[in-house]
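Q: Contents of entry-v5.cif (mmCIF, C-alpha atoms and all ligand atoms) are below:
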```
data_my_file
#
loop_
_atom_site.label_atom_id
_atom_site.label_comp_id
_atom_site.auth_asym_id
_atom_site.auth_seq_id
_atom_site.Cartn_x
_atom_site.Cartn_y
_atom_site.Cartn_z
CA MET A 1088 0.00 0.00 0.00
CA ILE A 1089 1.32 3.44 -0.93
CA ILE A 1090 -0.05 6.63 0.59
CA VAL A 1091 0.27 9.70 -1.64
CA LEU A 1092 0.23 12.88 0.47
CA LYS A 1093 -1.30 16.19 -0.63
CA GLN A 1094 1.15 18.35 -2.63
CA HIS A 1095 3.55 20.54 -0.63
CA SER A 1096 3.07 18.66 2.64
CA GLY A 1097 5.37 19.91 5.39
CA GLN A 1098 7.55 17.75 7.63
CA ASN A 1099 5.02 17.84 10.50
CA GLU A 1100 2.29 16.59 8.21
CA ILE A 1101 4.52 13.83 6.80
CA ASP A 1102 5.46 12.76 10.32
CA HIS A 1103 1.83 12.76 11.39
CA VAL A 1104 0.78 10.37 8.60
CA ALA A 1105 3.87 8.22 9.20
CA ASP A 1106 2.78 7.90 12.85
CA LEU A 1107 -0.67 6.77 11.70
CA VAL A 1108 1.00 4.11 9.56
CA LYS A 1109 3.07 2.92 12.53
CA ALA A 1110 -0.07 2.81 14.68
CA LYS A 1111 -1.43 0.21 12.23
CA GLY A 1112 1.63 -2.00 12.82
CA LEU A 1113 3.24 -1.06 9.48
CA GLU A 1114 6.61 0.45 8.76
CA PRO A 1115 6.50 3.78 6.86
CA HIS A 1116 9.02 4.25 4.06
CA ILE A 1117 9.05 7.95 3.12
CA VAL A 1118 10.01 9.11 -0.40
CA LYS A 1119 10.13 12.89 -0.88
CA GLY A 1120 9.68 14.38 -4.35
CA ALA A 1121 9.94 18.01 -5.47
CA LYS A 1122 6.21 18.65 -4.86
CA GLN A 1123 4.80 15.40 -3.54
CA THR A 1124 5.73 12.93 -0.83
CA ILE A 1125 4.67 9.29 -0.81
CA ILE A 1126 4.77 6.82 2.06
CA GLY A 1127 5.23 3.14 1.27
CA CYS A 1128 3.63 0.93 3.93
CA ILE A 1129 5.71 -2.16 4.62
CA GLY A 1130 4.13 -5.17 6.31
CA ASP A 1131 0.90 -7.17 6.10
CA THR A 1132 -1.76 -4.70 4.96
CA SER A 1133 -4.52 -7.31 4.57
CA HIS A 1134 -6.15 -6.27 7.88
CA VAL A 1135 -5.80 -2.50 7.28
CA ASP A 1136 -8.76 -0.52 5.96
CA SER A 1137 -7.13 1.91 3.52
CA LYS A 1138 -10.25 4.11 3.58
CA LEU A 1139 -9.18 5.21 7.07
CA PHE A 1140 -6.13 6.89 5.52
CA GLU A 1141 -8.15 8.42 2.71
CA VAL A 1142 -10.44 10.28 5.14
CA ASN A 1143 -7.39 12.14 6.41
CA ALA A 1144 -7.19 15.67 4.91
CA LEU A 1145 -3.39 15.33 4.52
CA VAL A 1146 -3.77 12.32 2.19
CA ASP A 1147 -4.39 12.69 -1.54
CA ARG A 1148 -4.98 8.99 -2.30
CA VAL A 1149 -4.03 5.41 -1.42
CA ILE A 1150 -2.70 2.96 -4.02
CA HIS A 1151 -2.84 -0.80 -3.49
CA VAL A 1152 0.03 -2.94 -4.65
CA GLN A 1153 -1.17 -6.22 -3.12
CA GLU A 1154 -4.37 -8.14 -3.77
CA PRO A 1155 -6.77 -8.38 -0.83
CA TYR A 1156 -7.12 -12.15 -1.31
CA LYS A 1157 -4.32 -14.27 0.11
CA LEU A 1158 -5.26 -17.95 0.38
CA VAL A 1159 -6.81 -17.85 -3.10
CA ASN A 1160 -3.79 -16.04 -4.57
CA ARG A 1161 -1.40 -17.90 -6.87
CA ALA A 1162 1.44 -15.79 -5.48
CA PHE A 1163 1.07 -17.67 -2.19
CA HIS A 1164 0.53 -21.09 -3.81
CA PRO A 1165 2.26 -21.30 -7.22
CA ASP A 1166 1.10 -24.86 -8.06
CA ASP A 1167 -2.40 -25.64 -9.32
CA THR A 1168 -4.66 -26.90 -6.55
CA ILE A 1169 -6.10 -30.35 -7.20
CA VAL A 1170 -9.44 -30.80 -5.46
CA ASP A 1171 -10.45 -34.36 -4.64
CA VAL A 1172 -14.21 -34.96 -4.97
CA SER A 1173 -14.72 -38.41 -3.44
CA GLY A 1174 -11.89 -39.81 -5.54
CA VAL A 1175 -12.43 -37.67 -8.67
CA LYS A 1176 -9.56 -35.22 -9.04
CA VAL A 1177 -10.19 -31.73 -10.42
CA GLY A 1178 -7.49 -29.22 -11.44
CA GLY A 1179 -3.84 -29.49 -12.45
CA GLY A 1180 -4.81 -31.22 -15.72
CA ASN A 1181 -7.62 -33.35 -14.22
CA MET A 1182 -11.03 -32.60 -15.68
CA ALA A 1183 -14.45 -32.39 -14.00
CA TYR A 1184 -17.24 -33.48 -16.31
CA ILE A 1185 -20.35 -32.72 -14.27
CA ALA A 1186 -23.75 -33.28 -15.88
CA GLY A 1187 -27.35 -33.88 -14.93
CA PRO A 1188 -30.73 -32.21 -14.69
CA CYS A 1189 -31.28 -28.72 -13.35
CA SER A 1190 -33.66 -30.19 -10.76
CA VAL A 1191 -34.19 -33.62 -9.34
CA GLU A 1192 -37.73 -34.56 -10.41
CA SER A 1193 -37.98 -38.30 -9.74
CA PHE A 1194 -35.79 -41.35 -9.12
CA GLU A 1195 -36.50 -42.70 -12.63
CA GLN A 1196 -35.60 -39.38 -14.26
CA VAL A 1197 -32.26 -39.02 -12.43
CA LEU A 1198 -31.35 -42.70 -12.87
CA SER A 1199 -31.96 -42.60 -16.61
CA ILE A 1200 -29.89 -39.41 -17.04
CA ALA A 1201 -27.13 -40.65 -14.73
CA LYS A 1202 -26.68 -43.87 -16.73
CA ASP A 1203 -26.50 -41.91 -19.99
CA ILE A 1204 -24.01 -39.31 -18.82
CA LYS A 1205 -21.80 -41.92 -17.19
CA ALA A 1206 -21.68 -43.87 -20.45
CA ALA A 1207 -20.73 -40.62 -22.21
CA GLY A 1208 -17.75 -40.15 -19.86
CA ALA A 1209 -19.10 -37.79 -17.18
CA ASN A 1210 -17.46 -38.22 -13.77
CA MET A 1211 -20.02 -36.40 -11.55
CA LEU A 1212 -23.80 -36.17 -11.41
CA ARG A 1213 -25.50 -32.85 -10.71
CA GLY A 1214 -29.09 -32.25 -9.62
CA GLY A 1215 -30.77 -29.43 -7.72
CA ALA A 1216 -32.84 -30.43 -4.69
CA PHE A 1217 -33.23 -26.91 -3.30
CA LYS A 1218 -33.80 -24.50 -6.18
CA PRO A 1219 -33.18 -20.73 -6.11
CA ARG A 1220 -36.10 -19.68 -8.37
CA THR A 1221 -36.83 -16.09 -9.36
CA SER A 1222 -40.56 -16.65 -8.83
CA PRO A 1223 -41.95 -18.05 -5.58
CA TYR A 1224 -44.64 -19.77 -7.70
CA SER A 1225 -42.09 -21.81 -9.72
CA PHE A 1226 -41.07 -25.36 -8.73
CA GLN A 1227 -38.82 -24.99 -5.68
CA GLY A 1228 -37.22 -28.46 -5.79
CA LEU A 1229 -37.95 -31.66 -3.88
CA GLY A 1230 -35.78 -30.64 -0.92
CA VAL A 1231 -34.45 -33.44 1.28
CA ASP A 1232 -36.39 -36.02 -0.80
CA GLY A 1233 -34.38 -34.82 -3.81
CA LEU A 1234 -31.12 -35.46 -1.95
CA GLU A 1235 -32.32 -38.96 -1.06
CA ILE A 1236 -33.01 -39.60 -4.77
CA LEU A 1237 -29.51 -38.44 -5.70
CA CYS A 1238 -28.04 -40.77 -3.07
CA ALA A 1239 -30.08 -43.71 -4.30
CA VAL A 1240 -28.91 -43.07 -7.88
CA LYS A 1241 -25.32 -42.74 -6.68
CA GLU A 1242 -25.64 -46.18 -5.07
CA GLU A 1243 -26.71 -47.63 -8.39
CA VAL A 1244 -24.53 -45.71 -10.86
CA GLY A 1245 -21.52 -44.80 -8.73
CA LEU A 1246 -21.03 -41.14 -9.69
CA PRO A 1247 -20.25 -38.56 -6.97
CA ILE A 1248 -23.12 -36.08 -6.61
CA VAL A 1249 -23.19 -32.28 -6.83
CA SER A 1250 -26.07 -30.24 -5.41
CA GLU A 1251 -26.75 -26.67 -4.37
CA LEU A 1252 -26.84 -25.68 -0.69
CA MET A 1253 -28.97 -22.58 -0.07
CA SER A 1254 -29.32 -22.45 3.71
CA PRO A 1255 -27.01 -23.11 6.69
CA ASP A 1256 -29.95 -25.12 8.11
CA HIS A 1257 -29.04 -27.92 5.69
CA LEU A 1258 -25.30 -27.91 6.32
CA ASP A 1259 -25.27 -31.23 8.18
CA ILE A 1260 -27.34 -33.18 5.69
CA PHE A 1261 -25.28 -31.84 2.76
CA ASN A 1262 -22.07 -32.71 4.60
CA GLU A 1263 -23.38 -36.23 5.06
CA LYS A 1264 -24.77 -36.87 1.57
CA VAL A 1265 -23.37 -34.50 -1.08
CA ASP A 1266 -19.88 -35.07 -2.53
CA LEU A 1267 -19.43 -31.56 -3.96
CA ILE A 1268 -21.46 -28.77 -2.39
CA GLN A 1269 -22.52 -26.10 -4.87
CA ILE A 1270 -22.95 -22.48 -3.79
CA GLY A 1271 -25.10 -20.79 -6.41
CA ALA A 1272 -24.61 -17.46 -8.13
CA ARG A 1273 -27.26 -15.80 -5.97
CA ASN A 1274 -25.53 -16.84 -2.76
CA MET A 1275 -21.98 -16.04 -3.82
CA GLN A 1276 -21.95 -13.12 -1.40
CA ASN A 1277 -24.03 -14.69 1.34
CA PHE A 1278 -21.13 -14.28 3.71
CA ASP A 1279 -22.79 -16.00 6.67
CA LEU A 1280 -23.35 -19.08 4.51
CA LEU A 1281 -19.77 -18.94 3.18
CA LYS A 1282 -18.33 -18.74 6.70
CA GLN A 1283 -20.23 -21.90 7.69
CA LEU A 1284 -18.51 -23.91 4.94
CA GLY A 1285 -15.39 -24.32 7.07
CA GLN A 1286 -17.46 -26.77 9.13
CA VAL A 1287 -17.95 -29.24 6.28
CA ASN A 1288 -15.33 -31.68 5.02
CA ARG A 1289 -16.77 -31.64 1.50
CA PRO A 1290 -15.28 -29.60 -1.35
CA ILE A 1291 -17.18 -26.53 -2.57
CA LEU A 1292 -18.17 -25.49 -6.11
CA LEU A 1293 -18.44 -21.70 -5.90
CA LYS A 1294 -20.40 -20.15 -8.76
CA ARG A 1295 -19.72 -16.60 -9.87
CA GLY A 1296 -22.35 -14.06 -8.82
CA LEU A 1297 -24.55 -12.54 -11.53
CA ASN A 1298 -22.57 -9.31 -11.55
CA ALA A 1299 -19.48 -10.16 -9.55
CA THR A 1300 -16.02 -8.95 -10.50
CA TYR A 1301 -13.13 -11.43 -10.42
CA GLU A 1302 -11.96 -9.85 -7.19
CA GLU A 1303 -15.36 -10.12 -5.51
CA TRP A 1304 -15.61 -13.75 -6.62
CA MET A 1305 -12.14 -14.56 -5.28
CA MET A 1306 -12.92 -12.75 -2.03
CA SER A 1307 -15.90 -15.07 -1.62
CA ALA A 1308 -13.58 -18.05 -2.16
CA GLU A 1309 -11.28 -16.41 0.41
CA TYR A 1310 -14.16 -16.45 2.93
CA ILE A 1311 -14.54 -20.21 2.47
CA MET A 1312 -10.80 -20.88 2.64
CA ALA A 1313 -10.30 -18.57 5.62
CA SER A 1314 -13.07 -20.47 7.43
CA GLY A 1315 -10.96 -23.62 7.13
CA ASN A 1316 -12.13 -25.29 3.92
CA GLU A 1317 -9.41 -25.02 1.27
CA ASN A 1318 -11.09 -27.27 -1.30
CA VAL A 1319 -12.77 -24.77 -3.57
CA ILE A 1320 -13.55 -25.03 -7.30
CA LEU A 1321 -14.60 -21.82 -9.07
CA CYS A 1322 -17.46 -22.01 -11.61
CA GLU A 1323 -18.08 -19.34 -14.24
CA ARG A 1324 -21.75 -19.42 -15.29
CA GLY A 1325 -22.17 -16.22 -17.30
CA ILE A 1326 -22.63 -12.68 -16.07
CA ARG A 1327 -25.26 -9.98 -16.58
CA THR A 1328 -24.53 -7.65 -19.48
CA PHE A 1329 -26.68 -5.33 -21.62
CA GLU A 1330 -27.37 -8.25 -23.99
CA THR A 1331 -30.81 -9.77 -23.56
CA TYR A 1332 -30.78 -12.33 -26.39
CA THR A 1333 -28.87 -14.78 -24.22
CA ARG A 1334 -29.67 -15.49 -20.56
CA ASN A 1335 -26.21 -14.27 -19.52
CA THR A 1336 -22.89 -13.61 -21.25
CA LEU A 1337 -20.24 -16.33 -20.87
CA ASP A 1338 -17.01 -14.71 -19.76
CA LEU A 1339 -14.40 -16.95 -21.37
CA GLN A 1340 -11.66 -14.56 -20.32
CA SER A 1341 -12.33 -15.56 -16.74
CA ILE A 1342 -10.49 -18.84 -17.39
CA PRO A 1343 -7.01 -17.44 -18.17
CA VAL A 1344 -7.51 -14.54 -15.77
CA LEU A 1345 -8.45 -16.76 -12.84
CA HIS A 1346 -5.66 -19.19 -13.67
CA LYS A 1347 -3.21 -16.29 -13.58
CA LEU A 1348 -4.49 -14.82 -10.32
CA SER A 1349 -5.41 -18.00 -8.46
CA HIS A 1350 -4.39 -21.64 -8.08
CA LEU A 1351 -7.99 -22.89 -7.77
CA PRO A 1352 -9.57 -24.97 -10.56
CA VAL A 1353 -12.02 -23.17 -12.89
CA VAL A 1354 -15.04 -25.03 -14.27
CA ILE A 1355 -17.46 -23.60 -16.84
CA ASP A 1356 -21.25 -23.91 -16.83
CA PRO A 1357 -22.29 -23.09 -20.40
CA SER A 1358 -25.94 -24.01 -19.73
CA HIS A 1359 -26.79 -21.13 -17.37
CA ALA A 1360 -24.55 -18.81 -19.41
CA GLY A 1361 -26.39 -18.95 -22.73
CA GLY A 1362 -29.73 -20.25 -21.53
CA LYS A 1363 -30.21 -22.07 -24.86
CA TRP A 1364 -29.35 -25.72 -25.50
CA TRP A 1365 -27.88 -25.03 -28.94
CA LEU A 1366 -25.29 -22.65 -27.48
CA VAL A 1367 -23.94 -25.25 -25.07
CA ASP A 1368 -21.90 -27.26 -27.59
CA SER A 1369 -19.81 -24.38 -28.99
CA MET A 1370 -19.32 -22.64 -25.65
CA ALA A 1371 -18.31 -25.87 -23.92
CA LYS A 1372 -15.68 -26.57 -26.59
CA ALA A 1373 -14.40 -23.00 -26.45
CA SER A 1374 -14.13 -23.26 -22.65
CA ILE A 1375 -11.98 -26.37 -22.81
CA ALA A 1376 -9.80 -24.83 -25.52
CA ALA A 1377 -9.35 -21.80 -23.23
CA GLY A 1378 -8.02 -24.05 -20.46
CA ALA A 1379 -11.05 -24.73 -18.25
CA ASP A 1380 -10.66 -27.54 -15.71
CA GLY A 1381 -14.05 -28.96 -16.58
CA LEU A 1382 -17.68 -28.37 -17.46
CA MET A 1383 -21.00 -28.45 -15.69
CA VAL A 1384 -23.74 -29.13 -18.24
CA GLU A 1385 -27.49 -29.52 -17.74
CA VAL A 1386 -28.73 -32.74 -19.34
CA HIS A 1387 -32.40 -33.84 -19.34
CA ASN A 1388 -34.04 -36.91 -20.82
CA ASP A 1389 -37.23 -34.95 -21.61
CA PRO A 1390 -36.34 -31.23 -21.80
CA GLU A 1391 -39.75 -30.27 -23.22
CA ASN A 1392 -41.33 -31.32 -19.93
CA ALA A 1393 -38.54 -30.36 -17.54
CA LEU A 1394 -39.66 -28.64 -14.33
CA CYS A 1395 -36.74 -26.21 -14.59
CA ASP A 1396 -34.38 -24.97 -17.35
CA GLY A 1397 -35.52 -27.34 -20.12
CA ALA A 1398 -34.61 -24.77 -22.80
CA GLN A 1399 -30.92 -24.92 -21.89
CA SER A 1400 -30.74 -28.67 -21.27
CA LEU A 1401 -29.07 -31.06 -23.70
CA LYS A 1402 -30.65 -34.40 -24.51
CA PRO A 1403 -28.32 -37.29 -23.61
CA ASP A 1404 -27.39 -38.08 -27.24
CA LYS A 1405 -26.17 -34.51 -27.74
CA TYR A 1406 -24.14 -34.70 -24.54
CA ILE A 1407 -22.48 -37.91 -25.72
CA HIS A 1408 -21.33 -36.17 -28.92
CA LEU A 1409 -20.21 -33.10 -27.04
CA LEU A 1410 -18.09 -35.03 -24.57
CA LYS A 1411 -16.34 -36.96 -27.36
CA ASP A 1412 -15.27 -33.68 -29.01
CA VAL A 1413 -14.41 -32.07 -25.70
CA GLN A 1414 -12.12 -34.93 -24.72
CA GLU A 1415 -10.23 -34.49 -28.01
CA ILE A 1416 -9.82 -30.77 -27.38
CA ALA A 1417 -8.73 -31.46 -23.80
CA LYS A 1418 -5.85 -33.59 -25.13
CA ILE A 1419 -4.67 -30.76 -27.38
CA VAL A 1420 -4.50 -28.40 -24.40
CA HIS A 1421 -2.70 -31.04 -22.33
CA ARG A 1422 -5.51 -32.08 -20.07
CA GLN A 1423 -6.79 -35.55 -19.28
C1 LIG B 1 -27.85 -24.28 -11.03
O1 LIG B 1 -26.71 -24.68 -11.32
O2 LIG B 1 -28.80 -25.03 -10.94
C2 LIG B 1 -28.06 -22.84 -10.78
C3 LIG B 1 -29.17 -22.40 -10.20
O3 LIG B 1 -27.08 -22.07 -11.24
P1 LIG B 1 -26.70 -20.54 -10.93
O4 LIG B 1 -26.56 -20.41 -9.44
O5 LIG B 1 -25.43 -20.37 -11.68
O6 LIG B 1 -27.81 -19.70 -11.48
MN MN B 2 -30.61 -24.73 -13.96
#
```
Give the structure from this file in structure tokens form.
Ligand code: PEP
Ligand code: MN

A:
Amino acid sequence: MIIVLKQHSGQNEIDHVADLVKAKGLEPHIVKGAKQTIIGCIGDTSHVDSKLFEVNALVDRVIHVQEPYKLVNRAFHPDDTIVDVSGVKVGGGNMAYIAGPCSVESFEQVLSIAKDIKAAGANMLRGGAFKPRTSPYSFQGLGVDGLEILCAVKEEVGLPIVSELMSPDHLDIFNEKVDLIQIGARNMQNFDLLKQLGQVNRPILLKRGLNATYEEWMMSAEYIMASGNENVILCERGIRTFETYTRNTLDLQSIPVLHKLSHLPVVIDPSHAGGKWWLVDSMAKASIAAGADGLMVEVHNDPENALCDGAQSLKPDKYIHLLKDVQEIAKIVHRQ
């Protein structure tokens, strides 16, 4: 952190600000120019609120030279993190191929989809039991019964399960039954929920908020890691832009940017990004080519009658074709 003082500051004023810096446990390093003086703050600034310096009339502005996220930061952990989801490795060249319906509707529905996606090469089964719906009149999910269905299908098919946790009230049951706990876009900044995730020994799939910057997204991952759970996978699912033709806009740049800034794996959800099934194929392939560590794709055996997100769901035969192509692309970009 660098504090730029107002032009023509006198020695008393410089000393005063330097004392404020010392009071925060930092060492001031003073550099005097012809008109302007700057004070470099040496030490761990992560706990210091820079706004407190900016309110001071002697200070012109404060410049940050360090990111506010630490545990998430690649600078502190140069190697790719590999997250283990009940034996399925994700990151560092290991791919997550997560697929399944938006919502769990029945045992037969999930079983049929699970068998198809497993045969296609998927290594995790997704299904929403608690659904964050825009309208309170829309299908809200089967709740705990939906989790029981996922578990029963897991018994039969053997794929680890991924499902969205919306409330801390369900922390224990998710910890018991769900292999990869999803935190949805709408809860990305539900800080109380994020802080509770240190209490679970399951890895977390953290989706990007609808209008979250990279830094806000990583700060949410930082909450989870700081609470004691270091197994976090980031999931880009499209962001809000001025475009209304598509449901959201898939931010492909997030893949190289997040890989540069962080060591956490980055998975892409092209289904919620475009909101249209025919956009999934091209965006999924582009994501893998751009270096994503996997995909989360909505697949439904009867999209026309799906209770949620049928328009963006692939039929199983389309998913089989997609995964074949994707696995070829993954090889070209040196992934398994
Ligand atoms: C989902 O994956 O089912 C979902 C609701 O996604 P998002 O939180 O990205 O909208
Ligand atoms: Mn959905």

Q: Mind listing the residues within 7 Å of ligand MN 2 (chain B), all atoms listed in the file counted, as a list in words?

A: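 Final answer, ordered by chain and number: Cys1189, His1359, Glu1385, Cys1395 and Asp1396 of chain A.
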
Q: As number ranges by chain, please: the residues near region 1283-1300 of chain A (cut-off 6 Å, all atoms listed in the file, same-chain neighbours under 3 positions excluded).

A: A: 1262, 1267-1273, 1275, 1280, 1303-1304, 1311, 1314-1316, 1318-1323, 1326-1327

Q: Extending 5 Å beyond the listed atoms of region 1200-1213 of chain A on each side, what axis-aligned box results? I want centre and edge lengths in Å to one decimal, as AutoDock Vina command-line options.

A:
```
--center_x -23.7 --center_y -38.4 --center_z -16.5 --size_x 22.4 --size_y 21.0 --size_z 21.5
```

Q: Between A:Val1244, A:Ala1308, A:Glu1114, A:Ala1201, single out the one closest to Tyr1156 (chain A), counting all atoms listed in the file.

A: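 Among the listed residues, the smallest separation from Tyr1156 (chain A) belongs to A:Ala1308.
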
Q: Could you build a table of the residues in region 1153-1270 of chain A lying no more than 10 Å from region 1341-1353 of chain A, giving for each the nearest pair of atoms and their separation in Å rounded to one decimal place, using all atoms listed in the file, ordered by chain and ascending residue number, as a tab-separated table?

A:
```
residue	atom	partner	partner_atom	distance
A:Glu1154	CA	A:Leu1348	CA	9.4
A:Tyr1156	CA	A:Ser1349	CA	9.4
A:Lys1157	CA	A:Ser1349	CA	9.4
A:Leu1158	CA	A:Ser1349	CA	8.8
A:Val1159	CA	A:Ser1349	CA	5.5
A:Asn1160	CA	A:Ser1349	CA	4.6
A:Arg1161	CA	A:Ser1349	CA	4.3
A:Ala1162	CA	A:Leu1348	CA	7.7
A:Phe1163	CA	A:His1350	CA	9.0
A:His1164	CA	A:His1350	CA	6.5
A:Pro1165	CA	A:His1350	CA	6.7
A:Asp1166	CA	A:His1350	CA	6.4
A:Asp1167	CA	A:His1350	CA	4.6
A:Thr1168	CA	A:Leu1351	CA	5.4
A:Ile1169	CA	A:Pro1352	CA	7.2
A:Val1170	CA	A:Pro1352	CA	7.7
A:Val1177	CA	A:Pro1352	CA	6.8
A:Gly1178	CA	A:Pro1352	CA	4.8
A:Gly1179	CA	A:Pro1352	CA	7.5
A:Gly1180	CA	A:Pro1352	CA	9.4
A:Asn1181	CA	A:Pro1352	CA	9.4
A:Met1182	CA	A:Pro1352	CA	9.3
A:Ala1183	CA	A:Pro1352	CA	9.5
```

Q: So how far away is CA of Asn1388 (chain A) from CA of Glu1242 (chain A), in Å?

A: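 Rounded to one decimal, the two atoms are 20.1 Å apart.
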
Q: Given the choices A:Ser1199, A:Asn1099, A:Ser1133, A:Gln1227, which gets closest to Leu1394 (chain A) if the distance is worked out from all atoms listed in the file?

A: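 Under the stated criterion, the closest residue is A:Gln1227.
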
Q: Using only C-alpha atoms and all ligand atoms for the distances, tell me which of A:Leu1145, A:Leu1337, A:Val1420, A:Ile1260 is nearest to ligand LIG 1 (chain B).

A: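 Answer, going by the shortest atom-to-atom distance: A:Leu1337.
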
Q: Please compute the CA of Asp1368 (chain A)-CA of Gln1340 (chain A) distance, one decimal, in Å.

A: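 Separation of CA of Asp1368 (chain A) and CA of Gln1340 (chain A): 17.9 Å.
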
Q: Using all atoms listed in the file and a cutoff of 10 Å, can you tell me which residues are near (7.2, 13.3, -1.5) in the file's coordinates, and write them out as a ChimeraX atom specification?

A: /A:1091-1097,1101,1117-1126

Q: At a cut-off of 9 Å, using only C-alpha atoms, what residues contact Val1149 (chain A)? Leave out same-chain residues fewer than 4 positions from it and give the result as a list in words.

A: Met1088, Ile1089, Ile1090, Val1091, Leu1092, Ser1137, Lys1138, Phe1140 and Glu1141 of chain A

Q: Could you state the separation of CA of Glu1391 (chain A) and CA of Arg1213 (chain A) in Å, given to one decimal place?

A: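 About the pair CA of Glu1391 (chain A) and CA of Arg1213 (chain A): they are 19.1 Å apart.
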
Q: Here is a test: counting all atoms listed in the file, which residue of A:Ala1206, A:Asp1259, A:Leu1107, A:Arg1334 is nearest to ligand LIG 1 (chain B)?

A: A:Arg1334

Q: Pick the closest to ligand LIG 1 (chain B) from A:Lys1205, A:Arg1220, A:Lys1411, A:Lys1363: which is it, counting only C-alpha atoms and all ligand atoms?

A: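 Smallest separation from ligand LIG 1 (chain B) among the options: A:Arg1220.
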